[in-house]
Every structure is written in structure tokens, then in C-alpha cells.
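One structure is given below, encoded as C-alpha cells.
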Amino acid sequence: MTLDDLRDDIDRVDEVLVRLLNERARCVCEIGRLKKETGMEVYQPDREKQVLQHVRAIASEGPLGPDAVARLFERIIDEARRLERRVVHGQIDESGQVPPAQKE
Amino acid sequence: MVVVMQEGATDNQIEQVVKRLVEMGMDVHKSTGVTRTVLGAVGQGRPDAALIEMMDGVHEVVRISSPYKLASRTFKSEPTVVTVGDVRIGGDEVIVMAGPCSAESEQQVMAAAVAVRRAGAKVLRGGAFKPRSSPYSFQGLGEEGLRILQDASRAENMALVSEVMDISQIDLIERYCDIFQVGARNMQNFTLLRELGHRRKPVLLKRGISATIEEWLLSAEYILSGGNTDVILCERGIRTFETATRNTFDVSAIAMVKKLSHLPVIADPSHGAGRRDMVAPLARAAVAAGADGLIVEVHCDPDHALSDGAQSMFPSQFDRLMAELRIIAPAIGRSICLEASPRRGWGT
């Protein structure tokens with residue numbers, strides 16, 4: 001395979017990754033709505049720990065390894081927390097859109 | 001804000017810090033290293049660094065944004081120009097304010113005003129209420145002093161700056177003066193600063209004798225946050241371990257504040273060293289460092305002055321200083337007032 005072929009592969013993988021990340025983010029927004037309704041805290045350290053344990057457990061075979069995968073997922077969780085906080089504070093709705101009243 | 005956790009901080013300790021930061025409205029970026037965890041906190045919240053630093057498992061908190069906002073260059077990138085009549089402080093021209101330390105008599109103030117005006121000063125300085133280190137020293141003439149100063153400034157077509165020491169003097173001083181001066185000892189008199197923030201005359205804010213630049217800008221923030229946008233900062237020397245001079249004049253503060261803030265910065269070389277022979281060198285250094293102006297004590301008979309005689313310049317020394325500044329200012333791309341009425345003799 002040539003360098004260009006490999007780069008094309010990376011672009012394809014990134015497209016799938018972004019789609020999947022957004023799918024995950026939609027779940028996060030829904031969770032934000034539920035937390036808002038039930039008055040539950042955005043930050044749930046035990047759940048974050050579970051998520052990291054889960055991804056570590058399924059990361060053993062690839063070249064990244066569990067530690068690197070966990071570090072990447074820390075970033076994903078950071079962004080999820082940010083999204084949830086914005087939903088809870090009403091800055092965006094559960095579909096991730098800015099509510100009409102807040103637009104300039 | 002960056003929170004560095006101690007080596008071996010427990011999961012529970014890290015969770016508590018994250019929880020606290022989230023409560024404070026911050027987005028947290030958690031990076032788990034081999035031995036240490038680092039938490040980056042960003043967002044619109046205003047986390048209290050001292051509170052976080054006290055939490056279990058925290059090694060260090062590094063603040064990355066300044067605690068003042070309105071005074072910062074990030075808030076306003078173009079320099080602020082404070083206008084008093086036709087005097088513009090913070091523009092191209094280096095503005096010199098000069099006059100006696102305190103108003104003693106009509107004659108004394110008038111003589112000083114005439115001398116400094118002729119040499120190119122555009123603002124008359126002079127105190128009517130004097131914050132003296134000793135209660136037995138001359139305390140100033142009060143309202144009579146203000147009247148004398150105002151008469152002299154009007155006669156010489158100059159703006160007038162005078163010190164306000166207490167919230168109770170504000171109305172009186174506002175009636176007579178064009179610029180309020182807040183002295184070094186009052187830099188953290190927050191009730192006074194707050195009240196001046198509600199007035200619409202410019203405030204010349206001197207740096208406290210042991211104030212950091214950050215504390216100084218926070219004091220400016222008090223005035224700005226009240227809605228008064230015309231704040232002029234003034235470096236006047238700080239207390240250090242040196243005893244040969246009374247205070248150490250901090251030239252670096254002038255350059256530093258110009259970077260951190262959009263507010264004009266002037267220098268008071270008279271109080272820095274407390275000695276007449278040091279005034280001119282410090283004044284030259286201040287202008288060369290980028291000061292927007294100077295405030296200098298000049299007395300026609302300094303040996304008999306009722307206050308600060310030792311650091312007051314003779315009019316002839318002031319003339320010479322102004323002539324020197326007319327060479328320095330253009331060298332760094334600034335202008336400075338020409339002699340109002342040139343006399344025969346040297347310098348022409």
C-alpha cells in the first residue's frame with residue numbers, strides 16, 4: 001500500500017469515528033436531559049470509572065493498549081461532561097441545538 | 001486554571017476536586033499521567049484558586065487568566081486616552097503634571113504654577129489634604145488650599161489634580177479639581193475606590209507602597225467596575241530592602257503595566273527616591289520606558305516648603321528636565337509640549 005492509500009484509509013476511519021462520536025454525544029445529551037429532570041449531578045465519578053474500565057477491558061489486543069485507550073476516553077468523557085452541563089444549564093437542548101430564545 | 005494533583009493522590013481526592021470545579025461552572029479536562037494527574041479547568045466560571053489549593057491531594061494550582069478583567073489588555077486592546085479639557089493622557093503626547101507638594105499660600109501656589117506652566121506642564125498638582133506619615137506634620141489647608149489651587153490652575157489655563165484621602169472629601173474635591181488623585185496609602189481603600197467609580201471625573205491611582213502590579217490593577221478594577229472608565233495609573237516607587245533611597249522606583253512596572261493593561265501609566269519620580277537630585281534621572285528613565293506622563297513636585301523655595309521639600313525640584317531644575325525630555329520623547333516616537341513662553345538662555 002502506498003502512503004496515499006494509507007492516508008485515504010485514515011480519512012475513512014476518521015469519518016466513521018466522528019459519526020460514532022456524535023452518536024455517543026446524542027446519548028450524552030439525552031442523559032443530560034434526564035439528569036436535569038431528576039436533579040442528578042452532572043459529575044458521576046463512579047460511572048466515569050465504569051466507562052474507563054469497560055474500554056480498557058476491550059482494548060487489550062490493539063496496538064494502543066488499555067492505558068492509551070483510557071487516556072483517549074478521558075478526553076471523550078471531558079467533552080461529554082461539558083455537553084451535559086450545557087444541557088442542564090439550558091444552553092443547548094437535548095438534541096444539541098441552541099434554544100431559539102438564546103440566539104442573538 | 002491548572003490543578004496539579006500530588007503524586008499518588010487517590011481517586012477519591014481527584015473526584016472531589018473535579019466535583020468542586022464542575023460546581024464552580026468549569027469544564028474539566030482530566031489528564032492521568034503515570035504518577036500525577038493534571039486537571040485543566042476552563043470556562044466562564046470564576047473558580048477560587050485558594051479554595052482548590054486547600055483541598056486534599058492538590059499539589060499546586062496555577063492560574064492562567066488574570067483576576068482583573070476591565071483593566072486588562074485582553075478586554076480592550078486599544079489604549080485608553082483620558083481627556084481633560086484639551087489635555088489627552090495616554091495619547092502620543094507625554095503629559096507633565098507639576099506643582100508643589102501642598103498648597104501653602106496663594107503666592108506660593110501661583111509662583112509654582114507660573115513656573116511649571118512656562119516650562120511646559122499642562123496639569124497643576126498640589127495637595128490640600130495631606131496624608132502625612134506623622135499626625136504632627138503639616139496636614140494641608142483643606143478647602144482654602146483647593147480654592148488657591150483652582151485659582152492658580154485657571155489663571156494658568158491648566159487642569160488640576162489633587163489628592164482625595166477619604167470618601168467624605170470627594171464632593172468637595174470634585175467641585176475644585178479636574179482629576180482625583182488616590183495616593184499610595186489609599187490604593188486599597190476599597191470604599192473610596194468604589195465611590196470614585198461612581199463619579200465621572202478621571203482618577204489618578206498611585207501604586208501602593210508594597211502593592212504588586214496585580215493588586216494595583218485590581219484596585220483600578222474597583223473604579224472601572226463602577227462605570228468610571230477614566231483611570232490613570234501612577235508608579236511611585238515601592239518598598240524594598242534598599243535603604244540608600246527611600247523607595248525603589250520600579251521602571252519595569254511601567255513597561256509591564258503597558259503590556260497588561262490598556263490604561264495610561266504615568267510616573268511620580270519625586271516620591272520614588274525622596275531626594276531632589278534623583279528626580280530628573282528617574283523622570284528621564286520613566287519617559288524612556290514608555291510612561292504616558294509624569295507628576296513632579298516643584299517648589300519655588302523648597303528649603304522652606306511645609307512638606308516634601310527635600311524631593312521638590314527648583315523651577316530651574318524642572319526647566320532643564322523638560323528640555324531633556326524634549327530630546328527623549330521624540331526618540332521613542334512620542335511628542336511633548338514645547339515651552340509655553342521661551343526665555344532667553346540655554347536650551348533654545
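A note on labels: chains of the C-alpha cells are A, B, ... as shown, every chain counts residues from 1, and ligands are counted from 1 in their shown order.
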For the contact check between chain A and chain B, emit one row per residue of chain A within 7 Å, containing the shortest atom pair and the distance in Å rounded to one decimal, counting only C-alpha atoms, chain then rising number order, as JSON lines.
```
{"residue": "A:Tyr43", "atom": "CA", "partner": "B:Lys19", "partner_atom": "CA", "distance": 6.3}
{"residue": "A:Pro45", "atom": "CA", "partner": "B:Glu15", "partner_atom": "CA", "distance": 6.3}
{"residue": "A:Arg71", "atom": "CA", "partner": "B:Thr32", "partner_atom": "CA", "distance": 6.9}
{"residue": "A:Glu74", "atom": "CA", "partner": "B:Lys30", "partner_atom": "CA", "distance": 6.4}
{"residue": "A:Arg75", "atom": "CA", "partner": "B:His29", "partner_atom": "CA", "distance": 6.8}
{"residue": "A:Asp78", "atom": "CA", "partner": "B:His29", "partner_atom": "CA", "distance": 5.5}
{"residue": "A:Arg82", "atom": "CA", "partner": "B:Asp27", "partner_atom": "CA", "distance": 5.8}
```
Would you give me, as a Markdown table, each residue of segment 254-298 of chain B having an atom within 6 Å of an atom of segment 225-246 of chain B, along with its shortest atom pair and that distance in Å to one decimal, using only C-alpha atoms and sorting by chain and residue number?
```
| residue | atom | partner | partner_atom | distance |
| --- | --- | --- | --- | --- |
| B:Pro264 | CA | B:Ile232 | CA | 5.2 |
| B:Val265 | CA | B:Leu233 | CA | 4.6 |
| B:Ile266 | CA | B:Cys234 | CA | 4.7 |
| B:Ala267 | CA | B:Glu235 | CA | 4.8 |
| B:Asp268 | CA | B:Arg236 | CA | 4.8 |
| B:His271 | CA | B:Arg236 | CA | 5.9 |
| B:Gly272 | CA | B:Gly237 | CA | 4.4 |
| B:Ala273 | CA | B:Thr245 | CA | 4.9 |
| B:Gly274 | CA | B:Arg246 | CA | 5.7 |
```
Can you write just those residues out, N, CA and C atoms, as a PDB file, in the first residue's frame?
```pdb
ATOM      1  N   PRO B 264      -3.695  54.362  30.745  1.00  0.00           N
ATOM      2  CA  PRO B 264      -2.460  55.150  30.711  1.00  0.00           C
ATOM      3  C   PRO B 264      -1.675  55.000  32.024  1.00  0.00           C
ATOM      4  N   VAL B 265      -0.354  55.051  31.901  1.00  0.00           N
ATOM      5  CA  VAL B 265       0.515  54.926  33.073  1.00  0.00           C
ATOM      6  C   VAL B 265       1.436  56.128  33.122  1.00  0.00           C
ATOM      7  N   ILE B 266       1.440  56.811  34.236  1.00  0.00           N
ATOM      8  CA  ILE B 266       2.390  57.905  34.404  1.00  0.00           C
ATOM      9  C   ILE B 266       3.321  57.558  35.569  1.00  0.00           C
ATOM     10  N   ALA B 267       4.321  58.406  35.781  1.00  0.00           N
ATOM     11  CA  ALA B 267       5.300  58.114  36.831  1.00  0.00           C
ATOM     12  C   ALA B 267       5.473  59.312  37.749  1.00  0.00           C
ATOM     13  N   ASP B 268       5.682  59.017  39.008  1.00  0.00           N
ATOM     14  CA  ASP B 268       5.967  60.038  40.009  1.00  0.00           C
ATOM     15  C   ASP B 268       7.406  59.824  40.492  1.00  0.00           C
ATOM     16  N   HIS B 271       8.543  60.900  44.638  1.00  0.00           N
ATOM     17  CA  HIS B 271       8.433  60.092  45.846  1.00  0.00           C
ATOM     18  C   HIS B 271       9.298  58.840  45.799  1.00  0.00           C
ATOM     19  N   GLY B 272       9.698  58.464  44.579  1.00  0.00           N
ATOM     20  CA  GLY B 272      10.478  57.237  44.423  1.00  0.00           C
ATOM     21  C   GLY B 272      11.718  57.238  45.299  1.00  0.00           C
ATOM     22  N   ALA B 273      12.570  58.236  45.071  1.00  0.00           N
ATOM     23  CA  ALA B 273      13.823  58.273  45.822  1.00  0.00           C
ATOM     24  C   ALA B 273      13.710  59.180  47.039  1.00  0.00           C
ATOM     25  N   GLY B 274      12.795  60.150  46.974  1.00  0.00           N
ATOM     26  CA  GLY B 274      12.653  61.084  48.093  1.00  0.00           C
ATOM     27  C   GLY B 274      13.771  62.114  48.135  1.00  0.00           C
TER      28      GLY B 274
END
```
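Between atom CA of Gly208 of chain B and atom CA of Pro135 of chain B the interatomic distance comes to 19.9 Å.
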All residues 10 Å or closer to Ile148 of chain B, only C-alpha atoms, same chain fewer than 4 positions away omitted, as a list of chain:residue names: B:Ala103, B:Glu104, B:Ser105, B:Glu106, B:Gln107, B:Gln108, B:Val109, B:Met110, B:Gly126, B:Ala128, B:Leu141, B:Glu143, B:Glu144, B:Ala152, B:Ser153, B:Tyr176
Per residue of segment 54-124 of chain B within 8 Å of segment 305-327 of chain B, what are the shortest atom pair and its distance in Å to one decimal, counting only C-alpha atoms, with rows by chain and residue number, as CSV?
```
residue,atom,partner,partner_atom,distance
B:Pro100,CA,B:Ser312,CA,7.4
B:Cys101,CA,B:Asp308,CA,6.4
B:Ser102,CA,B:Ser307,CA,6.7
B:Glu104,CA,B:Leu306,CA,7.2
B:Ala112,CA,B:Pro315,CA,7.7
B:Ala115,CA,B:Pro315,CA,6.1
B:Val116,CA,B:Pro315,CA,7.0
B:Ala119,CA,B:Asp319,CA,5.4
B:Gly120,CA,B:Met322,CA,7.2
```
Could you take the residues named above and write them with N, CA and C atoms, as a PDB file, in the first residue's frame?
```pdb
ATOM      1  N   PRO B 100       3.497  72.233  43.511  1.00  0.00           N
ATOM      2  CA  PRO B 100       4.011  71.997  44.861  1.00  0.00           C
ATOM      3  C   PRO B 100       3.393  70.748  45.483  1.00  0.00           C
ATOM      4  N   CYS B 101       4.069  70.222  46.475  1.00  0.00           N
ATOM      5  CA  CYS B 101       3.522  69.084  47.206  1.00  0.00           C
ATOM      6  C   CYS B 101       2.187  69.494  47.811  1.00  0.00           C
ATOM      7  N   SER B 102       2.205  70.565  48.597  1.00  0.00           N
ATOM      8  CA  SER B 102       0.941  71.034  49.149  1.00  0.00           C
ATOM      9  C   SER B 102       0.778  72.532  48.937  1.00  0.00           C
ATOM     10  N   GLU B 104       0.348  76.012  50.219  1.00  0.00           N
ATOM     11  CA  GLU B 104       0.691  76.657  51.488  1.00  0.00           C
ATOM     12  C   GLU B 104       0.124  78.067  51.536  1.00  0.00           C
ATOM     13  N   ALA B 112       4.580  78.769  41.716  1.00  0.00           N
ATOM     14  CA  ALA B 112       4.919  77.432  41.198  1.00  0.00           C
ATOM     15  C   ALA B 112       4.160  77.167  39.898  1.00  0.00           C
ATOM     16  N   ALA B 115       5.695  78.985  37.009  1.00  0.00           N
ATOM     17  CA  ALA B 115       6.987  78.394  36.628  1.00  0.00           C
ATOM     18  C   ALA B 115       6.800  77.095  35.853  1.00  0.00           C
ATOM     19  N   VAL B 116       5.925  76.218  36.329  1.00  0.00           N
ATOM     20  CA  VAL B 116       5.797  74.916  35.654  1.00  0.00           C
ATOM     21  C   VAL B 116       5.032  75.039  34.338  1.00  0.00           C
ATOM     22  N   ALA B 119       7.337  76.120  31.699  1.00  0.00           N
ATOM     23  CA  ALA B 119       8.259  75.051  31.285  1.00  0.00           C
ATOM     24  C   ALA B 119       7.571  73.972  30.459  1.00  0.00           C
ATOM     25  N   GLY B 120       6.229  73.983  30.431  1.00  0.00           N
ATOM     26  CA  GLY B 120       5.530  73.022  29.569  1.00  0.00           C
ATOM     27  C   GLY B 120       4.602  72.062  30.297  1.00  0.00           C
TER      28      GLY B 120
END
```
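For the pair atom CA of Gln6 of chain B and atom CA of Thr37 of chain B, the separation is 7.7 Å.
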Pull the closest atom pair for each residue of segment 52-80 of chain A that gets at most 12 Å from segment 18-38 of chain A, along with the distance in Å to one decimal, counting only C-alpha atoms, ordering rows by chain and then ascending residue number, as JSON lines.
```
{"residue": "A:Phe73", "atom": "CA", "partner": "A:Leu21", "partner_atom": "CA", "distance": 11.0}
{"residue": "A:Arg75", "atom": "CA", "partner": "A:Leu21", "partner_atom": "CA", "distance": 11.7}
{"residue": "A:Ile76", "atom": "CA", "partner": "A:Leu21", "partner_atom": "CA", "distance": 8.4}
{"residue": "A:Ile77", "atom": "CA", "partner": "A:Val28", "partner_atom": "CA", "distance": 9.7}
{"residue": "A:Asp78", "atom": "CA", "partner": "A:Val28", "partner_atom": "CA", "distance": 11.5}
{"residue": "A:Glu79", "atom": "CA", "partner": "A:Ala25", "partner_atom": "CA", "distance": 8.7}
{"residue": "A:Ala80", "atom": "CA", "partner": "A:Val28", "partner_atom": "CA", "distance": 6.2}
```
Output for the residues just chosen: N, CA and C atoms as a compact mmCIF listing (two decimals), in the first residue's frame:
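Once written, result_27.txt looks like this:
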```
# COMPACT_ATOMS: atom_id res chain seq x y z
N PHE A 73 -10.13 8.15 26.10
CA PHE A 73 -11.50 8.23 26.60
C PHE A 73 -11.67 9.29 27.69
N ARG A 75 -10.54 12.21 27.41
CA ARG A 75 -10.92 13.39 26.61
C ARG A 75 -12.39 13.31 26.21
N ILE A 76 -12.79 12.10 25.79
CA ILE A 76 -14.19 11.94 25.34
C ILE A 76 -15.14 12.22 26.51
N ILE A 77 -14.75 11.75 27.69
CA ILE A 77 -15.60 11.98 28.88
C ILE A 77 -15.63 13.46 29.25
N ASP A 78 -14.46 14.15 29.11
CA ASP A 78 -14.42 15.60 29.38
C ASP A 78 -15.48 16.31 28.54
N GLU A 79 -15.51 15.96 27.24
CA GLU A 79 -16.44 16.63 26.33
C GLU A 79 -17.88 16.25 26.66
N ALA A 80 -18.08 15.00 27.09
CA ALA A 80 -19.43 14.57 27.44
C ALA A 80 -19.93 15.36 28.65
```
Selection: 10 Å around Val251 of chain B, only C-alpha atoms, excl. self and same-chain fewer than 2 positions, as a list in words: Glu235, Arg236, Gly237, Thr248, Phe249, Ala253, Ile254, Ala255, Met256, Ala267, Leu282, Ala283, Ala285, Ala286, Val287, Ala288, Ala289, Gly290 and Ala291 of chain B
Backbone-only DSSP, strand (DSSP E) members of segment 251-298 of chain B, as JSON, numbers by chain: {"B": [265, 266, 267, 293, 294, 295, 296, 297]}
Can I get the selected residues back with N, CA and C atoms, as a CSV table (one decimal), in the first residue's frame?
```csv
chain,number,residue,atom,x,y,z
B,265,VAL,N,-0.4,55.1,31.9
B,265,VAL,CA,0.5,54.9,33.1
B,265,VAL,C,1.4,56.1,33.1
B,266,ILE,N,1.4,56.8,34.2
B,266,ILE,CA,2.4,57.9,34.4
B,266,ILE,C,3.3,57.6,35.6
B,267,ALA,N,4.3,58.4,35.8
B,267,ALA,CA,5.3,58.1,36.8
B,267,ALA,C,5.5,59.3,37.7
B,293,GLY,N,3.2,60.0,31.0
B,293,GLY,CA,3.3,61.3,31.6
B,293,GLY,C,4.1,61.2,32.9
B,294,LEU,N,4.2,62.4,33.6
B,294,LEU,CA,4.9,62.5,34.8
B,294,LEU,C,4.1,63.3,35.8
B,295,ILE,N,4.3,63.1,37.1
B,295,ILE,CA,3.8,64.0,38.0
B,295,ILE,C,5.0,64.4,39.0
B,296,VAL,N,5.3,65.7,39.0
B,296,VAL,CA,6.6,66.1,39.6
B,296,VAL,C,6.3,67.2,40.6
B,297,GLU,N,7.0,67.1,41.7
B,297,GLU,CA,6.9,68.2,42.7
B,297,GLU,C,7.9,69.3,42.5
```
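The shell of residues at most 12 Å from Gly90 of chain A, with only C-alpha atoms counted and near chain neighbours (fewer than 4 positions) removed, consists of A:Cys29, A:Gly32, A:Arg33, A:Lys36, A:Glu37, A:Leu83, A:Glu84, A:Arg85, A:Arg86, A:Glu94, A:Ser95, A:Gly96, A:Gln97, A:Val98, A:Pro99, A:Pro100, A:Ala101, A:Gln102.
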Selected residues, C-alpha atoms, written as a short mmCIF file (atom, residue, chain, number, x, y, z; two decimals), in the first residue's frame, please.
```cif
data_model
loop_
_atom_site.label_atom_id
_atom_site.label_comp_id
_atom_site.auth_asym_id
_atom_site.auth_seq_id
_atom_site.Cartn_x
_atom_site.Cartn_y
_atom_site.Cartn_z
CA CYS A 29 -27.41 14.94 25.59
CA GLY A 32 -28.20 15.47 30.34
CA ARG A 33 -31.95 15.94 29.91
CA LYS A 36 -31.84 17.86 34.58
CA GLU A 37 -35.29 16.37 35.16
CA LEU A 83 -22.27 18.75 26.85
CA GLU A 84 -24.30 17.51 29.81
CA ARG A 85 -23.56 20.66 31.75
CA ARG A 86 -24.76 22.79 28.86
CA GLU A 94 -31.19 17.56 24.27
CA SER A 95 -30.62 17.47 20.51
CA GLY A 96 -27.56 19.66 20.96
CA GLN A 97 -29.17 22.79 19.45
CA VAL A 98 -29.12 26.27 20.97
CA PRO A 99 -32.74 27.03 22.01
CA PRO A 100 -34.33 29.79 19.86
CA ALA A 101 -34.67 32.14 22.84
CA GLN A 102 -30.87 32.21 23.34
#
```
Every residue of chain A that DSSP places in alpha helix (DSSP H), as a ChimeraX atom specification: /A:3-38,45-57,65-88
Non-local contacts of Asn189 of chain B (12 Å; only C-alpha atoms; under 4 positions in same chain excluded) as a list in words: Val164, Met165, Asp166, Ile167, Val182, Gly183, Ala184, Arg185, Leu193, Arg194, Glu195, Leu196, Leu205, Lys206, Gly208, Trp216, Leu218, Ser219, Ala220, Tyr222 and Ile223 of chain B
Glu214 of chain B surroundings by only C-alpha atoms, 9 Å radius, close-in-sequence under 3 positions cut, as a count of residues only: 7
Computed interatomic separation between atom CA of Ala111 of chain B and atom CA of Pro302 of chain B (Å): 12.2 Å
From B:Met278, B:Met187, B:Leu263, B:Ala98, residue lying nearest Met158 of chain B [only C-alpha atoms]: B:Ala98
